[in-house]
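Source file: protein.tsv (TSV, C-alpha atoms and all ligand atoms)
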```
chain	number	residue	atom	x	y	z
O	1	MET	CA	-64.25	110.86	130.38
O	2	ASN	CA	-61.17	108.65	130.51
O	3	GLU	CA	-58.25	110.99	129.76
O	4	LYS	CA	-56.01	108.11	128.79
O	5	GLU	CA	-58.25	106.60	126.19
O	6	MET	CA	-60.20	109.06	124.11
O	7	TYR	CA	-62.10	107.80	121.10
O	8	ILE	CA	-62.96	110.53	118.60
O	9	LEU	CA	-65.42	110.09	115.77
O	10	GLY	CA	-64.21	112.13	112.79
O	11	ILE	CA	-66.41	113.31	109.91
O	12	GLU	CA	-65.15	114.65	106.58
O	13	SER	CA	-67.33	115.79	103.66
O	14	SER	CA	-65.64	118.96	102.35
O	15	CYS	CA	-65.33	117.88	98.72
O	16	ASP	CA	-66.24	114.57	97.08
O	17	GLU	CA	-65.39	112.04	99.79
O	18	THR	CA	-67.86	111.07	102.51
O	19	SER	CA	-65.82	109.67	105.36
O	20	PHE	CA	-66.15	108.61	109.01
O	21	SER	CA	-63.38	107.39	111.24
O	22	ILE	CA	-62.72	106.46	114.85
O	23	VAL	CA	-59.25	107.33	116.15
O	24	LYS	CA	-57.90	106.64	119.63
O	25	ASN	CA	-55.89	109.40	121.36
O	26	GLY	CA	-55.17	111.22	118.10
O	27	ARG	CA	-52.69	108.55	117.04
O	28	GLU	CA	-54.31	105.15	116.53
O	29	ASN	CA	-56.71	104.45	113.69
O	30	ILE	CA	-59.47	102.11	114.90
O	31	ALA	CA	-61.71	102.16	111.80
O	32	THR	CA	-62.04	104.39	108.75
O	33	VAL	CA	-64.56	104.27	105.93
O	34	ILE	CA	-64.26	106.49	102.84
O	35	ALA	CA	-66.95	106.64	100.14
O	36	SER	CA	-65.32	108.28	97.14
O	37	GLN	CA	-67.30	109.92	94.34
O	38	ILE	CA	-64.41	110.00	91.85
O	39	ASP	CA	-66.20	107.71	89.39
O	40	ILE	CA	-69.29	109.96	89.44
O	41	HIS	CA	-67.37	113.21	88.77
O	42	LYS	CA	-64.94	111.70	86.25
O	43	ASP	CA	-67.39	112.22	83.38
O	44	TYR	CA	-67.44	115.97	84.10
O	45	GLY	CA	-63.65	116.35	84.35
O	46	GLY	CA	-63.92	117.73	87.90
O	47	VAL	CA	-66.13	117.87	90.99
O	48	VAL	CA	-69.66	119.17	90.38
O	49	PRO	CA	-70.69	120.74	93.74
O	50	GLU	CA	-74.45	120.06	93.44
O	51	ILE	CA	-73.88	116.39	92.57
O	52	ALA	CA	-71.32	116.07	95.38
O	53	SER	CA	-73.84	117.36	97.97
O	54	ARG	CA	-76.54	114.97	96.81
O	55	ASN	CA	-74.21	112.01	97.07
O	56	HIS	CA	-73.07	113.03	100.55
O	57	VAL	CA	-76.75	112.96	101.61
O	58	LYS	CA	-77.10	109.46	100.13
O	59	ASN	CA	-73.93	108.13	101.75
O	60	ILE	CA	-73.74	109.80	105.13
O	61	THR	CA	-75.70	107.37	107.35
O	62	ILE	CA	-74.46	104.31	105.48
O	63	VAL	CA	-70.82	105.32	105.99
O	64	LEU	CA	-71.41	106.10	109.70
O	65	GLU	CA	-73.02	102.67	110.29
O	66	GLU	CA	-70.25	100.91	108.39
O	67	CYS	CA	-67.60	102.71	110.42
O	68	LEU	CA	-69.17	101.81	113.79
O	69	GLU	CA	-69.59	98.23	112.64
O	70	LYS	CA	-65.98	98.01	111.48
O	71	ALA	CA	-64.79	99.34	114.86
O	72	ASN	CA	-67.25	97.09	116.70
O	73	MET	CA	-68.36	100.15	118.68
O	74	LYS	CA	-71.57	102.03	119.43
O	75	MET	CA	-72.13	105.79	119.51
O	76	GLU	CA	-72.16	105.51	123.33
O	77	ASP	CA	-68.49	104.38	123.22
O	78	ILE	CA	-67.43	107.58	121.44
O	79	ASP	CA	-66.02	110.44	123.56
O	80	ALA	CA	-66.32	113.36	121.14
O	81	ILE	CA	-67.20	114.23	117.54
O	82	ALA	CA	-64.78	116.12	115.29
O	83	VAL	CA	-65.98	117.54	112.00
O	84	THR	CA	-64.52	119.51	109.08
O	85	TYR	CA	-66.34	122.87	109.21
O	86	GLY	CA	-64.28	124.36	106.33
O	87	PRO	CA	-62.78	125.28	103.97
O	88	GLY	CA	-64.45	123.40	101.14
O	89	LEU	CA	-67.64	123.20	99.09
O	90	ILE	CA	-70.33	124.78	101.21
O	91	GLY	CA	-73.11	122.31	100.29
O	92	SER	CA	-70.83	119.33	100.89
O	93	LEU	CA	-69.55	120.68	104.20
O	94	LEU	CA	-73.10	121.23	105.46
O	95	ILE	CA	-74.00	117.54	105.16
O	96	GLY	CA	-71.12	116.42	107.40
O	97	LEU	CA	-71.64	119.30	109.79
O	98	GLU	CA	-75.38	118.61	110.22
O	99	ALA	CA	-74.60	114.94	110.87
O	100	ALA	CA	-72.00	115.95	113.49
O	101	LYS	CA	-74.36	118.38	115.21
O	102	THR	CA	-77.20	115.84	115.26
O	103	LEU	CA	-74.96	113.14	116.78
O	104	SER	CA	-73.50	115.60	119.28
O	105	PHE	CA	-77.00	116.68	120.40
O	106	LEU	CA	-78.46	113.17	120.50
O	107	TYR	CA	-75.62	111.47	122.34
O	108	HIS	CA	-74.43	114.47	124.44
O	109	LYS	CA	-70.91	114.42	123.02
O	110	PRO	CA	-68.62	117.45	122.65
O	111	LEU	CA	-68.48	118.88	119.13
O	112	ILE	CA	-64.98	119.76	117.86
O	113	PRO	CA	-64.56	122.03	114.80
O	114	VAL	CA	-61.61	121.03	112.58
O	115	HIS	CA	-60.07	123.11	109.80
O	116	HIS	CA	-59.56	120.83	106.77
O	117	ILE	CA	-55.85	121.70	106.51
O	118	ALA	CA	-55.30	120.98	110.22
O	119	GLY	CA	-56.71	117.57	109.35
O	120	HIS	CA	-54.23	117.02	106.52
O	121	ILE	CA	-51.40	118.05	108.88
O	122	TYR	CA	-52.53	115.67	111.64
O	123	ALA	CA	-52.73	112.72	109.21
O	124	ASN	CA	-49.02	112.55	110.06
O	125	SER	CA	-49.85	111.95	113.72
O	126	LEU	CA	-51.18	108.53	112.67
O	127	VAL	CA	-47.58	107.51	111.81
O	128	LYS	CA	-45.31	109.58	114.01
O	129	GLU	CA	-45.57	111.83	117.05
O	130	LEU	CA	-45.18	115.45	115.96
O	131	GLU	CA	-42.04	117.26	117.15
O	132	PHE	CA	-41.74	121.04	117.37
O	133	PRO	CA	-40.75	123.44	115.84
O	134	LEU	CA	-42.38	121.69	112.90
O	135	LEU	CA	-42.70	122.67	109.25
O	136	ALA	CA	-45.84	121.48	107.47
O	137	ILE	CA	-45.56	121.49	103.69
O	138	VAL	CA	-49.21	121.68	102.67
O	139	VAL	CA	-49.76	120.49	99.10
O	140	SER	CA	-53.38	119.75	98.22
O	141	GLY	CA	-55.91	120.39	95.50
O	142	GLY	CA	-56.92	123.71	97.05
O	143	HIS	CA	-53.87	124.76	99.13
O	144	THR	CA	-50.12	125.20	98.86
O	145	GLU	CA	-48.66	126.62	102.04
O	146	LEU	CA	-45.72	126.45	104.41
O	147	ILE	CA	-46.97	126.36	108.00
O	148	LYS	CA	-44.77	126.52	111.09
O	149	MET	CA	-46.02	124.91	114.31
O	150	THR	CA	-44.38	125.64	117.66
O	151	ASP	CA	-46.75	123.32	119.55
O	152	HIS	CA	-49.94	121.33	118.98
O	153	TYR	CA	-52.59	123.51	117.38
O	154	LYS	CA	-50.28	126.57	117.14
O	155	PHE	CA	-50.12	127.40	113.44
O	156	LYS	CA	-48.20	130.21	111.75
O	157	LYS	CA	-48.39	130.62	108.00
O	158	LEU	CA	-44.96	131.43	106.56
O	159	GLY	CA	-46.17	131.73	102.98
O	160	GLY	CA	-48.51	130.32	100.37
O	161	THR	CA	-49.48	130.29	96.74
O	162	LEU	CA	-50.28	133.59	95.09
O	163	ASP	CA	-52.48	131.89	92.49
O	164	ASP	CA	-53.16	128.19	91.76
O	165	ALA	CA	-52.63	125.40	94.26
O	166	ILE	CA	-50.12	122.73	93.29
O	167	GLY	CA	-52.74	119.92	93.08
O	168	GLU	CA	-54.94	122.11	90.88
O	169	CYS	CA	-51.90	122.71	88.65
O	170	TYR	CA	-51.18	118.93	88.43
O	171	ASP	CA	-54.82	118.31	87.50
O	172	LYS	CA	-54.95	121.06	84.84
O	173	VAL	CA	-51.67	120.00	83.26
O	174	ALA	CA	-52.91	116.39	83.28
O	175	ARG	CA	-56.10	117.49	81.57
O	176	VAL	CA	-54.28	119.13	78.66
O	177	MET	CA	-52.37	115.85	78.34
O	178	ASP	CA	-55.71	113.96	78.06
O	179	LEU	CA	-55.34	112.15	81.39
O	180	SER	CA	-58.66	111.52	83.14
O	181	TYR	CA	-59.74	113.25	86.40
O	182	PRO	CA	-58.12	113.41	88.89
O	183	GLY	CA	-55.01	113.66	86.75
O	184	GLY	CA	-52.46	114.30	89.55
O	185	PRO	CA	-51.79	110.63	90.39
O	186	LYS	CA	-51.65	109.65	86.69
O	187	LEU	CA	-49.23	112.46	85.89
O	188	ASP	CA	-47.06	111.41	88.84
O	189	LYS	CA	-46.97	107.82	87.56
O	190	LEU	CA	-46.04	108.91	84.03
O	191	ALA	CA	-43.27	111.14	85.41
O	192	THR	CA	-41.47	108.13	86.90
O	193	LYS	CA	-40.99	106.76	83.36
O	194	GLY	CA	-39.83	109.98	81.66
O	195	GLU	CA	-36.76	112.15	81.20
O	196	THR	CA	-36.75	115.88	81.95
O	197	THR	CA	-36.26	116.92	78.33
O	198	TYR	CA	-38.76	119.84	78.17
O	199	LYS	CA	-37.57	123.22	79.44
O	200	LEU	CA	-40.09	124.89	81.75
O	201	PRO	CA	-39.72	128.06	83.85
O	202	LEU	CA	-39.07	127.72	87.61
O	203	PRO	CA	-41.82	129.82	89.24
O	204	LEU	CA	-41.25	132.69	91.70
O	205	LYS	CA	-37.50	132.62	92.23
O	206	ASP	CA	-37.72	135.22	95.02
O	207	ASP	CA	-36.77	135.40	98.67
O	208	SER	CA	-40.27	134.93	100.10
O	209	TYR	CA	-42.02	131.77	101.29
O	210	ASN	CA	-44.65	132.18	98.59
O	211	PHE	CA	-45.40	130.03	95.55
O	212	SER	CA	-46.91	130.57	92.12
O	213	PHE	CA	-48.11	127.82	89.80
O	214	SER	CA	-50.23	129.56	87.19
O	215	GLY	CA	-47.19	130.50	85.05
O	216	LEU	CA	-45.95	126.92	85.04
O	217	LYS	CA	-49.42	125.66	84.16
O	218	SER	CA	-49.71	128.15	81.25
O	219	ALA	CA	-46.21	127.23	80.02
O	220	VAL	CA	-47.21	123.55	79.76
O	221	ILE	CA	-50.57	124.36	78.11
O	222	ASN	CA	-48.85	126.63	75.55
O	223	LEU	CA	-46.20	124.03	74.86
O	224	VAL	CA	-48.82	121.33	74.18
O	225	HIS	CA	-50.88	123.63	71.91
O	226	ASN	CA	-47.78	124.72	69.96
O	227	GLU	CA	-46.72	121.13	69.39
O	228	GLU	CA	-50.26	120.23	68.29
O	229	GLN	CA	-50.29	123.08	65.77
O	230	ARG	CA	-47.00	121.82	64.35
O	231	ASN	CA	-48.43	118.30	64.18
O	232	ARG	CA	-45.75	117.09	66.54
O	233	GLU	CA	-46.35	114.32	69.07
O	234	ILE	CA	-45.85	115.16	72.75
O	235	ASN	CA	-43.81	112.67	74.72
O	236	LYS	CA	-46.17	112.46	77.71
O	237	GLU	CA	-43.73	110.68	80.01
O	238	ASP	CA	-41.06	113.31	79.36
O	239	LEU	CA	-43.48	116.23	79.72
O	240	ALA	CA	-44.80	114.79	83.01
O	241	ALA	CA	-41.24	114.35	84.31
O	242	SER	CA	-40.25	117.87	83.21
O	243	PHE	CA	-43.33	119.42	84.82
O	244	GLN	CA	-42.94	117.47	88.06
O	245	LYS	CA	-39.27	118.39	88.37
O	246	VAL	CA	-40.02	122.12	88.25
O	247	ALA	CA	-43.12	121.93	90.50
O	248	VAL	CA	-41.22	119.89	93.10
O	249	GLU	CA	-38.12	122.08	92.87
O	250	SER	CA	-40.12	125.21	93.66
O	251	ILE	CA	-41.49	123.54	96.84
O	252	ILE	CA	-38.07	122.23	97.89
O	253	LYS	CA	-36.32	125.61	97.51
O	254	LYS	CA	-38.72	127.39	99.84
O	255	ALA	CA	-38.91	124.48	102.29
O	256	ARG	CA	-35.09	124.39	102.55
O	257	LYS	CA	-35.05	128.11	103.38
O	258	ALA	CA	-37.72	127.62	106.07
O	259	ILE	CA	-35.90	124.67	107.67
O	260	LYS	CA	-32.73	126.76	107.97
O	261	GLU	CA	-34.29	130.05	109.07
O	262	GLU	CA	-36.95	128.70	111.41
O	263	GLU	CA	-34.80	126.06	113.16
O	264	ILE	CA	-37.13	123.27	112.18
O	265	LYS	CA	-36.84	119.81	113.84
O	266	HIS	CA	-39.55	117.89	112.03
O	267	VAL	CA	-40.88	118.30	108.49
O	268	ILE	CA	-44.23	116.81	107.57
O	269	VAL	CA	-46.07	116.76	104.27
O	270	ALA	CA	-49.83	117.27	104.13
O	271	GLY	CA	-52.54	117.04	101.44
O	272	GLY	CA	-53.25	114.97	98.36
O	273	VAL	CA	-50.00	115.77	96.54
O	274	ALA	CA	-48.14	114.17	99.50
O	275	ALA	CA	-48.92	110.94	97.62
O	276	SER	CA	-46.62	112.02	94.76
O	277	THR	CA	-43.55	109.79	94.42
O	278	GLY	CA	-41.54	112.65	92.89
O	279	LEU	CA	-42.29	114.97	95.82
O	280	ARG	CA	-41.73	112.22	98.44
O	281	ASN	CA	-38.31	111.39	97.02
O	282	ALA	CA	-37.23	115.04	96.89
O	283	ILE	CA	-38.42	115.75	100.45
O	284	THR	CA	-36.73	112.61	101.79
O	285	GLN	CA	-33.49	113.82	100.22
O	286	LEU	CA	-33.99	117.29	101.70
O	287	GLY	CA	-34.44	115.73	105.15
O	288	GLU	CA	-31.12	113.85	104.82
O	289	GLU	CA	-29.36	116.97	103.57
O	290	GLN	CA	-30.72	119.22	106.37
O	291	LYS	CA	-30.63	116.50	109.08
O	292	VAL	CA	-34.26	116.90	110.11
O	293	ASP	CA	-36.93	114.26	110.71
O	294	ILE	CA	-39.31	113.81	107.81
O	295	SER	CA	-42.69	112.12	107.81
O	296	PHE	CA	-45.45	111.52	105.33
O	297	PRO	CA	-49.03	110.50	105.99
O	298	PRO	CA	-49.89	106.88	105.20
O	299	MET	CA	-50.61	106.69	101.43
O	300	LYS	CA	-54.34	106.05	101.97
O	301	TYR	CA	-54.64	109.11	104.23
O	302	CYS	CA	-52.94	111.61	101.90
O	303	THR	CA	-56.17	112.51	100.13
O	304	ASP	CA	-59.38	113.43	101.96
O	305	ASN	CA	-60.43	111.12	104.79
O	306	ALA	CA	-61.94	111.34	108.29
O	307	ALA	CA	-59.04	109.64	110.14
O	308	MET	CA	-57.06	112.86	109.79
O	309	ILE	CA	-60.03	114.87	111.10
O	310	ALA	CA	-60.43	112.59	114.13
O	311	ALA	CA	-56.66	112.80	114.81
O	312	ALA	CA	-56.69	116.61	114.56
O	313	GLY	CA	-59.88	116.66	116.64
O	314	TYR	CA	-58.08	115.04	119.59
O	315	PHE	CA	-55.40	117.74	119.69
O	316	ALA	CA	-57.97	120.48	119.02
O	317	TYR	CA	-59.97	119.23	122.01
O	318	LYS	CA	-56.85	119.22	124.19
O	319	ALA	CA	-56.29	122.85	123.09
O	320	GLY	CA	-59.82	123.72	124.25
O	321	ARG	CA	-61.45	123.98	120.83
O	322	VAL	CA	-65.04	122.96	121.39
O	323	ALA	CA	-68.06	124.36	119.51
O	324	ASP	CA	-71.75	124.58	120.27
O	325	LEU	CA	-74.63	123.79	117.94
O	326	SER	CA	-74.42	127.24	116.32
O	327	LEU	CA	-71.26	126.06	114.48
O	328	ASN	CA	-71.53	126.88	110.78
O	329	SER	CA	-69.60	125.71	107.76
O	330	LYS	CA	-67.24	128.09	105.95
O	331	SER	CA	-66.17	127.81	102.33
O	332	SER	CA	-62.94	129.63	103.14
O	333	ASP	CA	-61.21	130.22	106.45
O	334	ARG	CA	-57.68	130.90	107.66
O	335	LEU	CA	-55.97	128.12	109.59
O	336	SER	CA	-55.54	129.37	113.14
W	1	LIG	O1	-56.02	116.91	99.72
W	1	LIG	P1	-56.87	116.49	98.58
W	1	LIG	O2	-57.49	115.13	98.60
W	1	LIG	O3	-58.03	117.50	98.36
W	1	LIG	C1	-57.98	118.82	98.75
W	1	LIG	O4	-58.12	119.09	99.96
W	1	LIG	O5	-57.73	119.65	97.86
W	1	LIG	O6	-55.94	116.66	97.29
W	1	LIG	C2	-56.37	116.32	96.03
W	1	LIG	C3	-55.26	116.66	95.07
W	1	LIG	C4	-55.69	116.55	93.61
W	1	LIG	O7	-55.28	117.71	92.94
W	1	LIG	C5	-54.93	115.31	93.13
W	1	LIG	O8	-54.64	115.35	91.76
W	1	LIG	C6	-53.67	115.40	93.95
W	1	LIG	O9	-54.13	115.79	95.23
W	1	LIG	N1	-52.97	114.09	94.04
W	1	LIG	C7	-51.74	113.87	93.53
W	1	LIG	C8	-51.42	112.51	93.78
W	1	LIG	N2	-52.50	111.97	94.44
W	1	LIG	C9	-53.42	112.95	94.59
W	1	LIG	N3	-50.89	114.70	92.89
W	1	LIG	C10	-49.71	114.19	92.49
W	1	LIG	N4	-49.34	112.90	92.69
W	1	LIG	C11	-50.16	112.04	93.32
W	1	LIG	N5	-49.78	110.77	93.50
W	2	ZN	ZN	-58.05	117.85	101.30
```
Spell out the structure here as structure tokens.
Ligand code: KG4
Ligand code: ZN
Amino acid sequence: MNEKEMYILGIESSCDETSFSIVKNGRENIATVIASQIDIHKDYGGVVPEIASRNHVKNITIVLEECLEKANMKMEDIDAIAVTYGPGLIGSLLIGLEAAKTLSFLYHKPLIPVHHIAGHIYANSLVKELEFPLLAIVVSGGHTELIKMTDHYKFKKLGGTLDDAIGECYDKVARVMDLSYPGGPKLDKLATKGETTYKLPLPLKDDSYNFSFSGLKSAVINLVHNEEQRNREINKEDLAASFQKVAVESIIKKARKAIKEEEIKHVIVAGGVAASTGLRNAITQLGEEQKVDISFPPMKYCTDNAAMIAAAGYFAYKAGRVADLSLNSKSSDRLS
């Protein structure tokens, strides 16, 4: 295997996106194809696991072929296969994992297991080389965590949410405001047009690195219901702006503390909520204030995709993480 040029095929199917990607040396995107099921799940207001699995089965070979075609490559040109083994929806994960194992067996390629959150972190490697010590602010639909990395593939969790994830909170607040699924991006857009006129409680004002979003979510839901009962119109732009300000502030406070106490050089943002304009602006400001490098994943690779899995796969492989065909999917698993 040519050490200088390593082409990894990444596979992601942990939720409602079926995606394949080919990434060179963990840094350069060669081709990525993402089949999203958002339109299918929209009618249900959220992802229906059984329907998601069925659609992964339908899409998986089509997306693989499209990806190889886009890259103008054959399976023989690939050096290794990286796949999300967890966490995620077990039925969905299994489809990607079985595809990865089949390809690994057929073409005699190493199989690399990738934790979904490691993938979100390494989406940043597609724009900037990671510098250590690094702080990863993980903000997705299922996770809200501060992770410190002292080297490639050396993760230490500083803290995380005690209840809801931030993306889940965005989506639930958006739902009570009648915004369609997934509400996070719509709420973020509305927030740019509003004023922070509604008073909402700042969650978990303690000294830990932990977060809590369920109280904030309930505060918004109660506020909307109270206004409805009084026949008063909600100003959606203002409510979105007020909610986003508090959600973002709670992330910034804890991130600032980590940057100072952990002597951080590089701050990266990972997960779907990394696409939020409000959060991006606040983190950019924090970087200037604390004089640390900041990077965000490319917009299209903030939410689930296989480019991030292929990028992480390269560094996982370098760290000796290779699996055999007994690899199983896991609905939950600690990042290590
Ligand atoms: O990382 P991701 O694709 O899936 C998980 O691994 O969970 O994140 C999806 C989450 C959803 O909650 C979605 O509403 C949120 O990311 N999201 C956003 C934005 N784009 C996606 N939240 C706020 N602002 C956005 N622009
Ligand atoms: Zn994700």
If you count all atoms listed in the file, which residues fall within 8 Å of range 166-177 of chain O, apart from same-chain ones fewer than 2 positions away, as a ChimeraX atom specification? /O:139-144,164,179-184,186-187,213-214,217,220-221,224,236,247,272-273
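Counting only C-alpha atoms and all ligand atoms, the residue from O:Asn305, O:Asn281, O:Ser329, O:Ser125 that sits nearest to ligand LIG 1 (chain W) is O:Asn305.
Distance check against Ser36 in chain O using all atoms listed in the file: of O:Ala312, O:Tyr209, O:Asp238, O:Thr303, the minimum falls on O:Thr303.
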Considering all atoms listed in the file, return as a PDB file with C-alpha atoms, in the frame of the given file whatever protein or nucleic-acid residues lie within 8 Å of Lys254 in chain O, sequence-local ones (same chain, fewer than 2 positions apart) excluded.
```pdb
ATOM      1  CA  SER O 208     -40.270 134.930 100.100  1.00  0.00           C
ATOM      2  CA  TYR O 209     -42.020 131.770 101.290  1.00  0.00           C
ATOM      3  CA  ASN O 210     -44.650 132.180  98.590  1.00  0.00           C
ATOM      4  CA  SER O 250     -40.120 125.210  93.660  1.00  0.00           C
ATOM      5  CA  ILE O 251     -41.490 123.540  96.840  1.00  0.00           C
ATOM      6  CA  ILE O 252     -38.070 122.230  97.890  1.00  0.00           C
ATOM      7  CA  ARG O 256     -35.090 124.390 102.550  1.00  0.00           C
ATOM      8  CA  LYS O 257     -35.050 128.110 103.380  1.00  0.00           C
ATOM      9  CA  ALA O 258     -37.720 127.620 106.070  1.00  0.00           C
TER      10      ALA O 258
END
```
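Of the listed residues O:Gly271, O:Gly26, O:Pro133, O:Gly45, the one whose atoms come nearest to ligand LIG 1 (chain W) is O:Gly271, with distances taken using all atoms listed in the file.
Shortest separation to ligand ZN 2 (chain W) among O:Ala165, O:Leu190, O:Met149, O:Leu158 occurs at residue O:Ala165, atoms counted being all atoms listed in the file.
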Who sits within 6 Å of range 6-9 of chain O, all atoms listed in the file, same chain under 2 positions skipped, as a PyMOL selection string: chain O and resi 21-25+78-81+310
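Nearest to Ala191 in chain O of all the residues O:Glu131, O:Tyr122, O:Ile117, O:Ser276 is O:Ser276, counting only C-alpha atoms.
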Pick from O:Asp16, O:Phe296, O:Asp304, O:Val63 nearest to Asp39 in chain O, counting all atoms listed in the file: O:Asp16
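One finds CA of Thr161 in chain O at 26.4 Å from CA of Asn328 in chain O.
Interatomic distance, CA of Ala240 in chain O to CA of Gly194 in chain O: 7.0 Å.
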Identify, on the basis of all atoms listed in the file, every residue whose closest approach to Val248 in chain O does not exceed 9 Å; exclude the query and any residue fewer than 5 positions from it along the same chain; express the result as a list in words. Phe243, Lys253, Gly278, Leu279, Ala282 and Ile283 of chain O
